[in-house]
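Peer 1: Shown below is the structure under consideration.
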Amino acid sequence: DVKVTQSSRYLVKRTGEKVFLECVQDMDHENMFWYRQDPGLGLRLIYFSYDVKMKEKGDIPEGYSVSREKKERFSLILESASTNQTSMYLCASSLWEDGYTFGSGTRLTVV
Amino acid sequence: AQTVTQSQPEMSVQEAETVTLSCTYDTSESDYYLFWYKQPPSRQMILVIRQEAYKQQNATENRFSVNFQKAAKSFSLKISDSQLGDAAMYFCAYNTDKLIFGTGTRLQVFP
């Protein structure tokens, strides 16, 4: 069964901390994505990557960066966490534009 | 820029009845994919149905079907014979090189 795994289901961090959200897929997919989900706003694209060491900004990249050193792993980094980054974060991967597989999400709380 | 609009924040339906969720989108592309995703309380995004824009025939998956009106840029989801397990957030999404989501519709199913 194909899988996208996010390392943490729940995370609590302090303001100013550097936070790493990890995502690993086992499907050999080229494309990986990070979204944040907020009530009433749906899912908004933060960053995406079409290949190793490649990254593209999505719609809301401010305050975030990403790393893709290996094909199967796509990390989202909050350089200095702030309370307005409290949210649900979803990772996804795809091979073609007709199918995406999502992880089960990380609910991050910044206090 | 491409946008996806879901104008119904909440909908409700009686078990065994039919409900239609609305979605409109804006794009200048001619070839793209449209999706409906279901997100139950488990947070896992589940693909409900997919439509390729160049196909005129509306997609169906068991009790789920779409009404795809390309000229009107409309993509509604019809759920027939609603079941308690259909209760969830439903997201409409548009894709060319990345997936863009609407704000979601919360569907309640009453026995």
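Chain lettering (A, B, ...) mirrors the order of the structure tokens, residue numbering begins at 1 for each chain separately, and ligand numbering begins at 1 in order of display.
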Write out as a VMD selection string the residues lying within 8 Å of Gln108 in chain B, counting only C-alpha atoms and excluding same-chain residues fewer than 6 positions away.

Peer 2: chain B and resid 10 to 13 86 to 88

Peer 1: Could you save the residues just selected, with N, CA and C atoms, as a short mmCIF file (atom, residue, chain, number, x, y, z; two decimals), in the first residue's frame?

Peer 2:
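Result saved to again-v1.cif:
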```
data_model
loop_
_atom_site.label_atom_id
_atom_site.label_comp_id
_atom_site.auth_asym_id
_atom_site.auth_seq_id
_atom_site.Cartn_x
_atom_site.Cartn_y
_atom_site.Cartn_z
N GLU B 10 -21.24 24.75 4.80
CA GLU B 10 -21.84 23.58 5.46
C GLU B 10 -23.06 23.12 4.68
N MET B 11 -23.22 21.81 4.65
CA MET B 11 -24.42 21.20 4.07
C MET B 11 -24.85 20.06 4.97
N SER B 12 -26.14 19.73 4.89
CA SER B 12 -26.61 18.58 5.64
C SER B 12 -27.57 17.77 4.77
N VAL B 13 -27.67 16.50 5.07
CA VAL B 13 -28.52 15.60 4.28
C VAL B 13 -29.03 14.49 5.19
N ASP B 86 -20.46 9.15 5.17
CA ASP B 86 -20.12 10.21 4.22
C ASP B 86 -19.88 11.54 4.92
N ALA B 87 -20.22 11.62 6.18
CA ALA B 87 -20.00 12.87 6.93
C ALA B 87 -18.51 13.19 6.99
N ALA B 88 -18.16 14.39 6.52
CA ALA B 88 -16.74 14.76 6.42
C ALA B 88 -16.65 16.16 5.84
#
```

Peer 1: Given a cut-off of 9 Å, which residues of chain B touch chain A, counting only C-alpha atoms, written out as a ChimeraX atom specification?

Peer 2: /B:9,32-35,42-47,50-52,91,95-104

Peer 1: Generate the output file for the selected residues, N, CA and C atoms, as an mmCIF file, in the first residue's frame.

Peer 2:
```
data_model
loop_
_atom_site.group_PDB
_atom_site.id
_atom_site.type_symbol
_atom_site.label_atom_id
_atom_site.label_comp_id
_atom_site.auth_asym_id
_atom_site.auth_seq_id
_atom_site.Cartn_x
_atom_site.Cartn_y
_atom_site.Cartn_z
ATOM 1 N N PRO B 9 -20.260 26.568 2.933
ATOM 2 C CA PRO B 9 -19.381 26.144 4.033
ATOM 3 C C PRO B 9 -19.905 24.878 4.725
ATOM 4 N N TYR B 32 -6.686 20.115 -17.906
ATOM 5 C CA TYR B 32 -6.409 20.087 -16.468
ATOM 6 C C TYR B 32 -7.214 18.952 -15.854
ATOM 7 N N TYR B 33 -6.998 18.726 -14.565
ATOM 8 C CA TYR B 33 -7.748 17.736 -13.808
ATOM 9 C C TYR B 33 -8.522 18.450 -12.699
ATOM 10 N N LEU B 34 -9.643 17.870 -12.359
ATOM 11 C CA LEU B 34 -10.435 18.324 -11.218
ATOM 12 C C LEU B 34 -10.668 17.138 -10.293
ATOM 13 N N PHE B 35 -10.690 17.432 -8.999
ATOM 14 C CA PHE B 35 -10.837 16.374 -8.001
ATOM 15 C C PHE B 35 -11.846 16.797 -6.930
ATOM 16 N N SER B 42 -10.389 11.695 10.891
ATOM 17 C CA SER B 42 -9.044 11.107 10.947
ATOM 18 C C SER B 42 -8.002 11.980 10.257
ATOM 19 N N ARG B 43 -8.450 12.967 9.483
ATOM 20 C CA ARG B 43 -7.609 13.941 8.774
ATOM 21 C C ARG B 43 -7.013 13.409 7.476
ATOM 22 N N GLN B 44 -7.156 12.139 7.216
ATOM 23 C CA GLN B 44 -6.599 11.586 5.985
ATOM 24 C C GLN B 44 -7.395 12.071 4.781
ATOM 25 N N MET B 45 -6.724 12.675 3.815
ATOM 26 C CA MET B 45 -7.386 13.116 2.591
ATOM 27 C C MET B 45 -7.603 11.904 1.690
ATOM 28 N N ILE B 46 -8.855 11.696 1.313
ATOM 29 C CA ILE B 46 -9.212 10.532 0.506
ATOM 30 C C ILE B 46 -9.764 11.019 -0.828
ATOM 31 N N LEU B 47 -9.231 10.524 -1.919
ATOM 32 C CA LEU B 47 -9.728 10.891 -3.235
ATOM 33 C C LEU B 47 -11.096 10.258 -3.447
ATOM 34 N N ARG B 50 -12.339 11.874 -9.738
ATOM 35 C CA ARG B 50 -11.423 12.653 -10.556
ATOM 36 C C ARG B 50 -12.030 12.842 -11.946
ATOM 37 N N GLN B 51 -11.830 14.033 -12.509
ATOM 38 C CA GLN B 51 -12.354 14.338 -13.845
ATOM 39 C C GLN B 51 -11.250 14.966 -14.686
ATOM 40 N N GLU B 52 -11.059 14.441 -15.880
ATOM 41 C CA GLU B 52 -10.117 15.063 -16.812
ATOM 42 C C GLU B 52 -10.882 16.050 -17.681
ATOM 43 N N PHE B 91 -13.434 18.699 -0.183
ATOM 44 C CA PHE B 91 -12.676 19.731 -0.867
ATOM 45 C C PHE B 91 -12.680 19.488 -2.369
ATOM 46 N N ASN B 95 -6.109 21.014 -10.788
ATOM 47 C CA ASN B 95 -4.690 20.720 -10.957
ATOM 48 C C ASN B 95 -4.207 20.862 -12.382
ATOM 49 N N THR B 96 -3.118 21.568 -12.543
ATOM 50 C CA THR B 96 -2.298 21.457 -13.743
ATOM 51 C C THR B 96 -0.918 21.001 -13.292
ATOM 52 N N ASP B 97 -0.106 21.883 -12.771
ATOM 53 C CA ASP B 97 1.184 21.447 -12.238
ATOM 54 C C ASP B 97 1.182 21.370 -10.711
ATOM 55 N N LYS B 98 0.175 21.917 -10.081
ATOM 56 C CA LYS B 98 0.037 21.794 -8.634
ATOM 57 C C LYS B 98 -1.439 21.835 -8.278
ATOM 58 N N LEU B 99 -1.747 21.299 -7.103
ATOM 59 C CA LEU B 99 -3.143 21.146 -6.696
ATOM 60 C C LEU B 99 -3.585 22.387 -5.931
ATOM 61 N N ILE B 100 -4.679 22.999 -6.386
ATOM 62 C CA ILE B 100 -5.235 24.180 -5.738
ATOM 63 C C ILE B 100 -6.600 23.813 -5.196
ATOM 64 N N PHE B 101 -6.820 24.114 -3.914
ATOM 65 C CA PHE B 101 -8.028 23.680 -3.220
ATOM 66 C C PHE B 101 -9.012 24.809 -3.005
ATOM 67 N N GLY B 102 -10.282 24.449 -2.918
ATOM 68 C CA GLY B 102 -11.292 25.346 -2.405
ATOM 69 C C GLY B 102 -11.260 25.353 -0.884
ATOM 70 N N THR B 103 -12.170 26.110 -0.282
ATOM 71 C CA THR B 103 -12.170 26.265 1.166
ATOM 72 C C THR B 103 -12.905 25.154 1.893
ATOM 73 N N GLY B 104 -13.577 24.295 1.156
ATOM 74 C CA GLY B 104 -14.196 23.124 1.764
ATOM 75 C C GLY B 104 -15.659 23.298 2.107
#
```

Peer 1: Between B:Tyr37, B:Phe110, B:Tyr25, B:Tyr54, which has the minimum distance to Leu84 in chain B (counting only C-alpha atoms)?

Peer 2: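 Smallest separation from Leu84 in chain B among the options: B:Phe110.
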
Peer 1: I'd like to know which of A:Gly63, A:Leu76, A:Ser82, A:Ser93 is closest to Thr109 in chain A, using only C-alpha atoms.

Peer 2: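 The shortest atom-to-atom distance to Thr109 in chain A comes from A:Ser82.
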
Peer 1: Counting only C-alpha atoms, figure out which residue out of B:Ile79, B:Val66, B:Leu107, B:Ala1 gets nearest to Val19 in chain B.

Peer 2: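 The shortest atom-to-atom distance to Val19 in chain B comes from B:Ile79.
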
Peer 1: Give me, please, the distance in Å between CA of Lys38 in chain B and CA of Glu30 in chain A, quoted to one decimal.

Peer 2: 24.1 Å

Peer 1: State, in Å with one decimal place, the distance from CA of Thr24 in chain B to CA of Ile46 in chain A.

Peer 2: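 Computed distance, CA of Thr24 in chain B to CA of Ile46 in chain A, equals 22.6 Å.
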
Peer 1: Can you work out the spacing between CA of Asp28 in chain A and CA of Arg73 in chain A in Å, to one decimal?

Peer 2: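 Value for the CA of Asp28 in chain A-CA of Arg73 in chain A distance: 10.2 Å.
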
Peer 1: Measuring atom to atom with only C-alpha atoms, identify which of A:Glu62, A:Glu79, A:Asp51, A:Glu56 is nearest to Lys18 in chain A.

Peer 2: A:Glu79

Peer 1: Hey, which of B:Ala93, B:Phe68, B:Gln2, B:Ala59 ends up closest to Asp26 in chain B? Count only C-alpha atoms.

Peer 2: B:Gln2

Peer 1: Which residues are near Tyr64 in chain A? Cut-off 10 Å, only C-alpha atoms, ignore same chain within fewer than 3 positions. Put them as an MDAnalysis selection string.

Peer 2: chainID A and resid 19 46:47 57 60:61 76:81 85

Peer 1: Using DSSP on the backbone, list every residue of range 20-51 of chain B that comes out as strand (DSSP E), and give them as a PyMOL selection string.

Peer 2: chain B and resi 20-21+24-26+33-39+46-51
